[in-house]
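Novice: Just protein_26.cif, nothing more (mmCIF, C-alpha atoms):
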data_protein
loop_
_atom_site.label_atom_id
_atom_site.label_comp_id
_atom_site.auth_asym_id
_atom_site.auth_seq_id
_atom_site.Cartn_x
_atom_site.Cartn_y
_atom_site.Cartn_z
CA MET O 1 152.70 -2.23 16.02
CA ASN O 2 154.67 -5.37 15.18
CA TRP O 3 154.85 -8.12 17.74
CA ASP O 4 158.13 -9.91 18.47
CA TRP O 5 156.63 -13.38 18.69
CA ASP O 6 159.96 -14.98 19.52
CA LYS O 7 160.55 -12.84 22.64
CA LEU O 8 156.93 -13.36 23.81
CA LYS O 9 157.30 -17.10 23.43
CA ALA O 10 160.56 -17.06 25.38
CA LYS O 11 158.96 -15.17 28.29
CA GLN O 12 156.05 -17.61 28.45
CA GLU O 13 158.47 -20.53 28.58
CA LYS O 14 160.47 -18.77 31.35
CA HIS O 15 157.50 -18.13 33.63
CA GLY O 16 155.69 -21.28 32.76
CA PRO O 17 152.01 -21.78 31.89
CA GLY O 18 149.35 -20.26 34.17
CA GLN O 19 151.58 -17.54 35.62
CA MET O 20 150.89 -13.81 35.34
CA PRO O 21 152.72 -11.68 32.84
CA PRO O 22 155.49 -9.56 34.30
CA GLN O 23 153.53 -6.26 33.98
CA MET O 24 150.65 -7.43 36.23
CA ASP O 25 153.05 -9.01 38.70
CA GLU O 26 154.95 -5.77 39.10
CA LEU O 27 151.73 -3.82 39.63
CA ILE O 28 150.59 -6.13 42.44
CA ASN O 29 153.99 -5.90 44.12
CA LYS O 30 153.85 -2.11 44.07
CA PHE O 31 150.34 -2.14 45.60
CA LYS O 32 151.54 -4.41 48.41
CA LYS O 33 154.42 -2.07 49.15
CA PHE O 34 152.00 0.92 49.52
CA LYS O 35 151.40 1.84 53.19
CA LEU O 36 148.72 4.09 54.63
CA PRO O 37 149.75 7.00 56.79
CA ASP O 38 149.84 6.67 60.54
CA GLY O 39 146.57 6.46 62.55
CA PRO O 40 146.10 10.16 63.53
CA LEU O 41 146.65 11.33 59.98
CA VAL O 42 144.01 8.93 58.69
CA ILE O 43 141.52 10.11 61.28
CA ILE O 44 142.21 13.76 60.45
CA LEU O 45 141.82 13.06 56.74
CA ILE O 46 138.51 11.28 57.30
CA ILE O 47 137.24 14.15 59.48
CA ILE O 48 138.17 16.70 56.83
CA ILE O 49 136.36 14.73 54.14
CA PHE O 50 133.31 14.27 56.40
CA LEU O 51 133.16 17.97 57.25
CA GLY O 52 133.44 18.94 53.59
CA ILE O 53 130.63 16.62 52.64
CA SER O 54 128.26 17.41 55.54
CA THR O 55 128.72 21.18 55.81
CA PHE O 56 128.21 22.22 52.20
CA PHE O 57 125.09 21.39 50.22
CA THR O 58 123.44 22.55 47.01
CA VAL O 59 119.80 23.54 46.59
CA ALA O 60 118.28 23.26 43.12
CA VAL O 61 116.44 26.12 41.45
CA ASP O 62 113.02 24.50 41.94
CA GLU O 63 113.40 23.79 45.65
CA VAL O 64 114.37 25.21 49.03
CA GLY O 65 116.29 23.69 51.92
CA ILE O 66 114.73 23.52 55.38
CA VAL O 67 117.50 23.54 57.99
CA GLN O 68 116.91 22.00 61.42
CA ARG O 69 119.32 22.28 64.33
CA PHE O 70 118.90 19.41 66.75
CA GLY O 71 115.43 18.88 65.23
CA LYS O 72 114.29 22.52 65.55
CA TYR O 73 113.63 24.65 62.49
CA VAL O 74 116.17 27.49 62.17
CA ARG O 75 116.09 28.80 58.58
CA THR O 76 115.20 28.24 54.94
CA SER O 77 118.02 28.01 52.40
CA GLN O 78 117.49 29.41 48.92
CA PRO O 79 118.74 27.81 45.68
CA GLY O 80 122.50 27.66 45.25
CA LEU O 81 125.50 26.55 47.31
CA ASN O 82 124.79 26.79 51.06
CA PHE O 83 126.61 26.10 54.33
CA LYS O 84 125.40 24.39 57.47
CA LEU O 85 126.81 22.86 60.60
CA PRO O 86 127.99 19.25 60.34
CA SER O 87 125.57 16.34 60.35
CA GLY O 88 124.32 15.53 63.82
CA ILE O 89 123.96 19.23 64.56
CA GLU O 90 122.04 20.55 61.57
CA LYS O 91 119.94 18.63 59.10
CA VAL O 92 118.69 19.77 55.68
CA THR O 93 115.41 18.68 54.10
CA LYS O 94 114.94 19.74 50.52
CA VAL O 95 111.38 20.58 49.42
CA LYS O 96 110.45 21.19 45.80
CA ILE O 97 108.21 24.27 45.73
CA ARG O 98 107.81 24.64 41.96
CA ARG O 99 107.02 21.06 41.06
CA VAL O 100 103.34 20.31 40.46
CA TYR O 101 102.34 17.05 42.14
CA LYS O 102 99.36 14.96 41.15
CA GLU O 103 96.95 12.79 43.12
CA GLU O 104 94.52 10.53 41.27
CA PHE O 105 91.21 9.39 42.76
CA GLY O 106 89.26 6.43 41.44
CA PHE O 107 91.67 5.56 38.64
CA ARG O 108 95.35 5.30 37.87
CA THR O 109 97.53 6.25 34.94
CA ILE O 110 99.73 3.42 33.69
CA ARG O 111 103.18 4.63 32.76
CA GLY O 112 103.95 4.42 29.08
CA ARG O 113 100.30 4.69 28.12
CA GLU O 114 98.17 7.68 27.34
CA ARG O 115 94.95 6.16 28.60
CA SER O 116 93.90 5.90 32.23
CA GLU O 117 92.38 2.85 33.88
CA PHE O 118 90.12 2.56 36.87
CA PHE O 119 91.32 0.88 40.03
CA SER O 120 89.95 -2.54 40.71
CA GLU O 121 90.65 -2.50 44.43
CA ALA O 122 87.65 -2.09 46.69
CA GLU O 123 89.22 0.83 48.58
CA ASN O 124 89.70 2.91 45.45
CA GLU O 125 86.29 1.98 44.08
CA SER O 126 84.73 3.33 47.27
CA VAL O 127 86.54 6.65 46.72
CA SER O 128 84.87 7.25 43.35
CA LEU O 129 81.40 6.01 44.35
CA MET O 130 79.37 8.98 45.60
CA LEU O 131 75.76 9.67 46.54
CA THR O 132 74.19 12.57 44.65
CA GLY O 133 71.58 15.01 45.87
CA ASP O 134 68.74 13.08 44.20
CA LEU O 135 69.80 9.84 45.95
CA ASN O 136 71.55 8.29 42.96
CA VAL O 137 75.01 6.68 42.95
CA ALA O 138 77.64 8.12 40.61
CA VAL O 139 81.20 7.09 39.73
CA VAL O 140 83.24 10.30 40.04
CA PRO O 141 86.97 10.02 39.24
CA TRP O 142 89.10 13.16 39.50
CA ILE O 143 92.66 14.50 39.67
CA VAL O 144 94.08 17.03 42.14
CA GLN O 145 97.19 18.91 41.03
CA TYR O 146 99.00 20.84 43.76
CA ARG O 147 102.32 22.30 44.80
CA VAL O 148 103.97 23.22 48.11
CA LYS O 149 103.63 26.93 48.84
CA ASP O 150 104.80 26.88 52.51
CA PRO O 151 107.54 24.29 53.16
CA TYR O 152 107.54 24.93 56.91
CA ASN O 153 103.84 24.12 57.30
CA TYR O 154 104.14 21.25 54.85
CA LEU O 155 106.88 19.56 56.94
CA PHE O 156 106.02 20.46 60.52
CA LYS O 157 102.30 21.39 60.89
CA VAL O 158 100.85 18.07 59.69
CA GLN O 159 102.17 14.56 60.14
CA ASN O 160 101.32 13.23 56.66
CA ALA O 161 100.43 16.02 54.27
CA GLN O 162 99.78 13.73 51.31
CA ARG O 163 97.35 11.53 53.23
CA LEU O 164 95.58 14.57 54.64
CA LEU O 165 95.28 15.99 51.13
CA ARG O 166 93.62 12.82 49.87
CA ASP O 167 91.17 12.73 52.78
CA LEU O 168 90.23 16.40 52.42
CA SER O 169 89.92 16.05 48.64
CA GLU O 170 87.49 13.19 49.01
CA ALA O 171 85.48 15.07 51.63
CA ALA O 172 85.29 18.21 49.49
CA MET O 173 84.22 16.31 46.38
CA ARG O 174 81.54 14.38 48.28
CA LEU O 175 80.24 17.64 49.72
CA VAL O 176 79.91 19.26 46.29
CA VAL O 177 78.49 16.18 44.55
CA GLY O 178 75.99 15.63 47.36
CA ASP O 179 74.33 18.98 46.57
CA ARG O 180 73.69 18.15 42.90
CA SER O 181 71.57 15.75 40.87
CA ILE O 182 72.99 12.88 38.87
CA ASN O 183 72.41 14.76 35.60
CA GLU O 184 74.32 17.79 36.90
CA VAL O 185 77.19 15.58 38.05
CA ILE O 186 77.47 14.11 34.56
CA SER O 187 76.96 17.29 32.52
CA LYS O 188 78.46 20.08 34.72
CA ARG O 189 81.91 18.71 35.56
CA ASP O 190 83.74 22.02 35.08
CA GLU O 191 81.42 23.82 37.47
CA ILE O 192 81.82 21.07 40.06
CA SER O 193 85.63 21.17 39.68
CA VAL O 194 85.76 24.89 40.39
CA GLU O 195 83.54 24.62 43.45
CA ALA O 196 85.42 21.59 44.80
CA LYS O 197 88.74 23.42 44.38
CA THR O 198 87.43 26.37 46.41
CA VAL O 199 86.18 24.10 49.20
CA LEU O 200 89.38 22.01 49.27
CA GLN O 201 91.69 25.05 49.34
CA ALA O 202 89.76 26.53 52.27
CA GLU O 203 90.11 23.29 54.24
CA LEU O 204 93.83 22.96 53.44
CA ASP O 205 94.48 26.53 54.56
CA HIS O 206 92.53 25.94 57.76
CA ALA O 207 94.63 22.83 58.48
CA GLU O 208 97.86 24.78 57.73
CA THR O 209 99.15 22.15 55.31
CA GLY O 210 101.17 24.61 53.21
CA ILE O 211 99.64 23.16 50.02
CA HIS O 212 98.25 25.21 47.14
CA VAL O 213 95.73 23.50 44.85
CA VAL O 214 96.57 24.29 41.25
CA THR O 215 93.55 22.64 39.68
CA ILE O 216 90.99 19.88 40.06
CA GLU O 217 90.20 17.98 36.88
CA MET O 218 87.18 15.70 36.77
CA LYS O 219 87.31 12.71 34.48
CA LYS O 220 84.30 11.16 32.78
CA THR O 221 81.56 10.65 35.34
CA ASN O 222 78.97 7.93 35.01
CA VAL O 223 76.79 5.56 36.99
CA PRO O 224 77.99 2.12 38.22
CA GLY O 225 78.04 -0.65 35.62
CA PRO O 226 75.19 -2.78 37.12
CA VAL O 227 72.71 0.11 36.78
CA GLN O 228 74.04 1.54 33.52
CA GLN O 229 71.30 0.00 31.34
CA SER O 230 68.52 1.13 33.67
CA PHE O 231 70.00 4.58 33.84
CA ASN O 232 70.11 4.79 30.04
CA GLU O 233 66.47 3.77 29.87
CA VAL O 234 65.56 6.45 32.40
CA ASN O 235 67.48 9.04 30.39
CA GLN O 236 65.73 7.95 27.20
CA ALA O 237 62.35 8.23 28.89
CA THR O 238 63.29 11.64 30.24
CA GLN O 239 64.32 12.80 26.78
CA GLU O 240 61.05 11.55 25.30
CA LYS O 241 59.18 13.36 28.05
CA GLU O 242 61.07 16.58 27.36
CA GLN O 243 60.39 16.17 23.64
CA MET O 244 56.67 15.73 24.24
CA ILE O 245 56.60 18.73 26.56
CA TYR O 246 58.43 20.78 23.95
CA GLN O 247 55.98 19.69 21.26
CA ALA O 248 53.03 20.52 23.53
CA ARG O 249 54.47 23.94 24.27
CA GLU O 250 54.99 24.53 20.56
CA ASP O 251 51.35 23.64 19.84
CA TYR O 252 50.28 25.78 22.78
CA ASN O 253 52.25 28.74 21.47
CA LYS O 254 50.57 28.34 18.10
CA ALA O 255 46.97 27.78 19.31
CA ILE O 256 46.77 30.28 22.16
CA PRO O 257 47.83 33.38 20.18
CA THR O 258 45.41 32.38 17.38
CA ALA O 259 42.56 31.96 19.85
CA ARG O 260 43.43 35.23 21.55
CA GLY O 261 43.46 37.03 18.20
CA GLU O 262 40.10 35.55 17.27
CA ALA O 263 38.70 36.55 20.65
CA GLU O 264 40.03 40.08 20.28
CA ARG O 265 38.56 40.31 16.79
CA THR O 266 35.16 39.08 18.02
CA ILE O 267 35.22 41.50 20.94
CA LYS O 268 36.09 44.41 18.67
CA ALA O 269 33.33 43.44 16.25
CA ALA O 270 30.83 43.22 19.11
CA GLU O 271 31.94 46.55 20.46
CA GLY O 272 31.56 48.12 17.01
CA TYR O 273 28.10 46.60 16.58
CA ALA O 274 27.06 47.79 20.02
CA LEU O 275 28.34 51.30 19.28
CA ASP O 276 26.49 51.31 15.95
CA ARG O 277 23.25 50.16 17.58
CA VAL O 278 23.54 52.71 20.34
CA ASN O 279 24.23 55.52 17.88
CA ARG O 280 21.34 54.41 15.70
CA ALA O 281 19.05 54.26 18.73
CA LYS O 282 20.17 57.68 19.85
CA GLY O 283 19.52 59.03 16.33
CA ASP O 284 16.07 57.45 16.26
CA VAL O 285 15.30 58.89 19.66
CA ALA O 286 16.44 62.33 18.58
CA ARG O 287 14.42 62.12 15.39
CA PHE O 288 11.35 60.89 17.25
CA THR O 289 11.73 63.69 19.76
CA GLU O 290 11.86 66.28 16.99
CA VAL O 291 8.82 64.77 15.31
CA TYR O 292 6.96 64.71 18.58
CA LYS O 293 7.71 68.36 19.20
CA GLU O 294 6.28 69.25 15.77
CA TYR O 295 3.35 66.95 16.35
CA ALA O 296 2.61 68.66 19.63
CA LYS O 297 2.52 72.02 17.87
CA ALA O 298 0.11 70.93 15.03
CA LYS O 299 -1.25 67.45 15.53
CA ASP O 300 -3.50 67.24 12.44
CA VAL O 301 -0.95 68.56 10.02
CA THR O 302 1.80 66.41 11.43
CA LYS O 303 -0.36 63.31 11.46
CA ARG O 304 -1.37 63.84 7.82
CA ARG O 305 2.22 64.47 6.79
CA MET O 306 3.37 61.29 8.49
CA TYR O 307 0.59 59.36 6.81
CA LEU O 308 1.51 60.65 3.39
CA GLU O 309 5.20 59.95 3.93
CA MET O 310 4.38 56.41 4.94
CA ILE O 311 2.15 55.90 1.90
CA LYS O 312 4.91 57.28 -0.30
CA ASP O 313 7.36 54.84 1.15
CA VAL O 314 5.08 51.77 1.14
CA PHE O 315 3.20 52.05 -2.15
CA PRO O 316 6.21 51.65 -4.46
CA LYS O 317 6.93 48.34 -2.80
CA LEU O 318 3.41 46.89 -3.36
CA GLY O 319 3.68 46.26 -7.11
CA GLN O 320 0.32 46.42 -9.05
CA LYS O 321 -2.47 48.24 -7.23
CA TYR O 322 -6.24 48.20 -7.87
CA ILE O 323 -8.46 50.98 -6.65
CA VAL O 324 -12.08 49.85 -6.16
CA ASP O 325 -14.97 52.14 -5.68
CA SER O 326 -16.59 51.79 -2.36
CA ASP O 327 -19.96 51.39 -4.07
CA GLN O 328 -18.83 48.51 -6.23
CA LYS O 329 -20.87 45.40 -5.40
CA ASN O 330 -19.48 42.72 -7.68
CA LEU O 331 -15.72 42.21 -7.49
CA LEU O 332 -15.48 38.96 -9.40
CA PRO O 333 -14.67 40.50 -12.81
CA LEU O 334 -11.72 42.19 -11.24
CA LEU O 335 -10.02 38.99 -10.00
CA ASN O 336 -8.49 38.11 -13.41
CA LEU O 337 -7.86 41.64 -14.50
CA GLY O 338 -4.12 41.24 -14.45
CA GLN O 339 -4.24 38.01 -16.47
CA GLN O 340 -6.34 39.61 -19.17
CA GLN O 341 -3.89 42.46 -19.53
CA ASN O 342 -1.00 40.00 -19.83
CA GLY O 343 -2.83 38.05 -22.50
CA ALA O 344 -3.60 41.16 -24.48
CA GLY O 345 -0.02 42.22 -24.32
CA LYS O 346 1.14 38.91 -25.70
#
Spit out the file's structure as structure tokens when you get a sec.

Specialist:
Amino acid sequence: MNWDWDKLKAKQEKHGPGQMPPQMDELINKFKKFKLPDGPLVIILIIIIFLGISTFFTVAVDEVGIVQRFGKYVRTSQPGLNFKLPSGIEKVTKVKIRRVYKEEFGFRTIRGRERSEFFSEAENESVSLMLTGDLNVAVVPWIVQYRVKDPYNYLFKVQNAQRLLRDLSEAAMRLVVGDRSINEVISKRDEISVEAKTVLQAELDHAETGIHVVTIEMKKTNVPGPVQQSFNEVNQATQEKEQMIYQAREDYNKAIPTARGEAERTIKAAEGYALDRVNRAKGDVARFTEVYKEYAKAKDVTKRRMYLEMIKDVFPKLGQKYIVDSDQKNLLPLLNLGQQQNGAGK
């Protein structure tokens, strides 16, 4: 577009410096000439606009509308476009029933960061400090995730549902933690979360809060900072104790079965020896009885036979034997008889 600089310069000289261009001047003059309708028409127009705005409302897909007429509950509006009486007669409160809300205890999540930090305020520190069943103090931070399952109870049965949820959550967690030792609180967080959720849901249902607990997530539990070093020393001593007990049990399991096996072997050997001795004794008794019966029948013959059997058994064990006549008076030449025979042999 080409500008006609001569015409523009002529207009500026005509109107003088500091004055508005003719286009803006004409626009302002037209606006001043505009007149609103008469009073009744304005009022009717305003009423129509007010009724249109206050009688129609939209409910999102993740919420419901609770309609009150002069403060009294009358109905629940479902998602979509809905109609109600004008403001002052009926009031709509929208409650999100699908959104999962979160309450943090003992710590807070800073927006824009992935890590969580503990509260420094005394009130929030007292929430996470709990007494365990073995009279130790533990720092127990946790998260409660919940949603609204009954909008009517959530709005009208309790005055401050969120505050009541926090109080009941703290009471439930203290109840569960108070029944467990410090080691269980540190190592069994999942089990404690499940039990605390059951206790909390029962209390919320009893109070008719209209809240459903989705989950309870326990963060890292520990002991307070001032006693952390002492607690670590106690844990180390406990681990050493458990290690020594384990070693002792291992030695016990090795020594006791060995000793029992040796004892069983000794007992079996003794039983075998006893059985052998008894059987031998019974055999000797039976043999003696048979001999005695024969001896009773012919004493002289039996006695002579026993004598000869004994001589037969003993004589081979005596080595060299010398038979001396009973009338022999001088035995001295016979003392070196064996030596003489050995010398002659050589």

Novice: Between O:Ile311, O:Leu175, O:Lys84, O:Ala207, which is the closest to O:Asn160 once you count all atoms listed in the file?

Specialist: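 Answer, going by the shortest atom-to-atom distance: O:Ala207.
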
Novice: Using all atoms listed in the file, pick whichever of O:Val67, O:Val59, O:Ile256, O:Ala237 has the shortest atom-to-atom distance to O:Tyr152.

Specialist: O:Val67

Novice: Measure the distance from atom CA of O:Asn235 to atom CA of O:Glu250 in Å and round it to one decimal.

Specialist: 22.2 Å

Novice: Can you measure atom CA of O:Pro316 to atom CA of O:Arg304 for me? One decimal in Å is fine.

Specialist: 18.9 Å

Novice: Could you tell me how far atom CA of O:Lys96 sits from atom CA of O:Leu81, in Å to one decimal place?

Specialist: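 For atom CA of O:Leu81 relative to atom CA of O:Lys96, the distance reads 16.0 Å.
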
Novice: Go ahead and find all residues with at least one atom no further than 12 Å from (83.6, 8.5, 42.9) in the file's coordinates, using only C-alpha atoms; report them as a PyMOL selection string.

Specialist: chain O and resi 104-107+118-119+122-132+137-143+169-178+185-186+218-224

Novice: Keeping only C-alpha atoms, write those residues as a PDB file, keeping the file's coordinate frame.

Specialist:
ATOM      1  CA  GLU O 104      94.520  10.530  41.270  1.00  0.00           C
ATOM      2  CA  PHE O 105      91.210   9.390  42.760  1.00  0.00           C
ATOM      3  CA  GLY O 106      89.260   6.430  41.440  1.00  0.00           C
ATOM      4  CA  PHE O 107      91.670   5.560  38.640  1.00  0.00           C
ATOM      5  CA  PHE O 118      90.120   2.560  36.870  1.00  0.00           C
ATOM      6  CA  PHE O 119      91.320   0.880  40.030  1.00  0.00           C
ATOM      7  CA  ALA O 122      87.650  -2.090  46.690  1.00  0.00           C
ATOM      8  CA  GLU O 123      89.220   0.830  48.580  1.00  0.00           C
ATOM      9  CA  ASN O 124      89.700   2.910  45.450  1.00  0.00           C
ATOM     10  CA  GLU O 125      86.290   1.980  44.080  1.00  0.00           C
ATOM     11  CA  SER O 126      84.730   3.330  47.270  1.00  0.00           C
ATOM     12  CA  VAL O 127      86.540   6.650  46.720  1.00  0.00           C
ATOM     13  CA  SER O 128      84.870   7.250  43.350  1.00  0.00           C
ATOM     14  CA  LEU O 129      81.400   6.010  44.350  1.00  0.00           C
ATOM     15  CA  MET O 130      79.370   8.980  45.600  1.00  0.00           C
ATOM     16  CA  LEU O 131      75.760   9.670  46.540  1.00  0.00           C
ATOM     17  CA  THR O 132      74.190  12.570  44.650  1.00  0.00           C
ATOM     18  CA  VAL O 137      75.010   6.680  42.950  1.00  0.00           C
ATOM     19  CA  ALA O 138      77.640   8.120  40.610  1.00  0.00           C
ATOM     20  CA  VAL O 139      81.200   7.090  39.730  1.00  0.00           C
ATOM     21  CA  VAL O 140      83.240  10.300  40.040  1.00  0.00           C
ATOM     22  CA  PRO O 141      86.970  10.020  39.240  1.00  0.00           C
ATOM     23  CA  TRP O 142      89.100  13.160  39.500  1.00  0.00           C
ATOM     24  CA  ILE O 143      92.660  14.500  39.670  1.00  0.00           C
ATOM     25  CA  SER O 169      89.920  16.050  48.640  1.00  0.00           C
ATOM     26  CA  GLU O 170      87.490  13.190  49.010  1.00  0.00           C
ATOM     27  CA  ALA O 171      85.480  15.070  51.630  1.00  0.00           C
ATOM     28  CA  ALA O 172      85.290  18.210  49.490  1.00  0.00           C
ATOM     29  CA  MET O 173      84.220  16.310  46.380  1.00  0.00           C
ATOM     30  CA  ARG O 174      81.540  14.380  48.280  1.00  0.00           C
ATOM     31  CA  LEU O 175      80.240  17.640  49.720  1.00  0.00           C
ATOM     32  CA  VAL O 176      79.910  19.260  46.290  1.00  0.00           C
ATOM     33  CA  VAL O 177      78.490  16.180  44.550  1.00  0.00           C
ATOM     34  CA  GLY O 178      75.990  15.630  47.360  1.00  0.00           C
ATOM     35  CA  VAL O 185      77.190  15.580  38.050  1.00  0.00           C
ATOM     36  CA  ILE O 186      77.470  14.110  34.560  1.00  0.00           C
ATOM     37  CA  MET O 218      87.180  15.700  36.770  1.00  0.00           C
ATOM     38  CA  LYS O 219      87.310  12.710  34.480  1.00  0.00           C
ATOM     39  CA  LYS O 220      84.300  11.160  32.780  1.00  0.00           C
ATOM     40  CA  THR O 221      81.560  10.650  35.340  1.00  0.00           C
ATOM     41  CA  ASN O 222      78.970   7.930  35.010  1.00  0.00           C
ATOM     42  CA  VAL O 223      76.790   5.560  36.990  1.00  0.00           C
ATOM     43  CA  PRO O 224      77.990   2.120  38.220  1.00  0.00           C
TER      44      PRO O 224
END

Novice: Expand the PyMOL selection byres ((chain O and resi 55) around 8) into the explicit residue set it covers here, and present it as a ChimeraX atom specification.

Specialist: /O:51-54,56-57,83-87

Novice: Keeping only C-alpha atoms, write the selected residues as a PDB file, in the coordinates of the input.

Specialist:
ATOM      1  CA  LEU O  51     133.160  17.970  57.250  1.00  0.00           C
ATOM      2  CA  GLY O  52     133.440  18.940  53.590  1.00  0.00           C
ATOM      3  CA  ILE O  53     130.630  16.620  52.640  1.00  0.00           C
ATOM      4  CA  SER O  54     128.260  17.410  55.540  1.00  0.00           C
ATOM      5  CA  PHE O  56     128.210  22.220  52.200  1.00  0.00           C
ATOM      6  CA  PHE O  57     125.090  21.390  50.220  1.00  0.00           C
ATOM      7  CA  PHE O  83     126.610  26.100  54.330  1.00  0.00           C
ATOM      8  CA  LYS O  84     125.400  24.390  57.470  1.00  0.00           C
ATOM      9  CA  LEU O  85     126.810  22.860  60.600  1.00  0.00           C
ATOM     10  CA  PRO O  86     127.990  19.250  60.340  1.00  0.00           C
ATOM     11  CA  SER O  87     125.570  16.340  60.350  1.00  0.00           C
TER      12      SER O  87
END
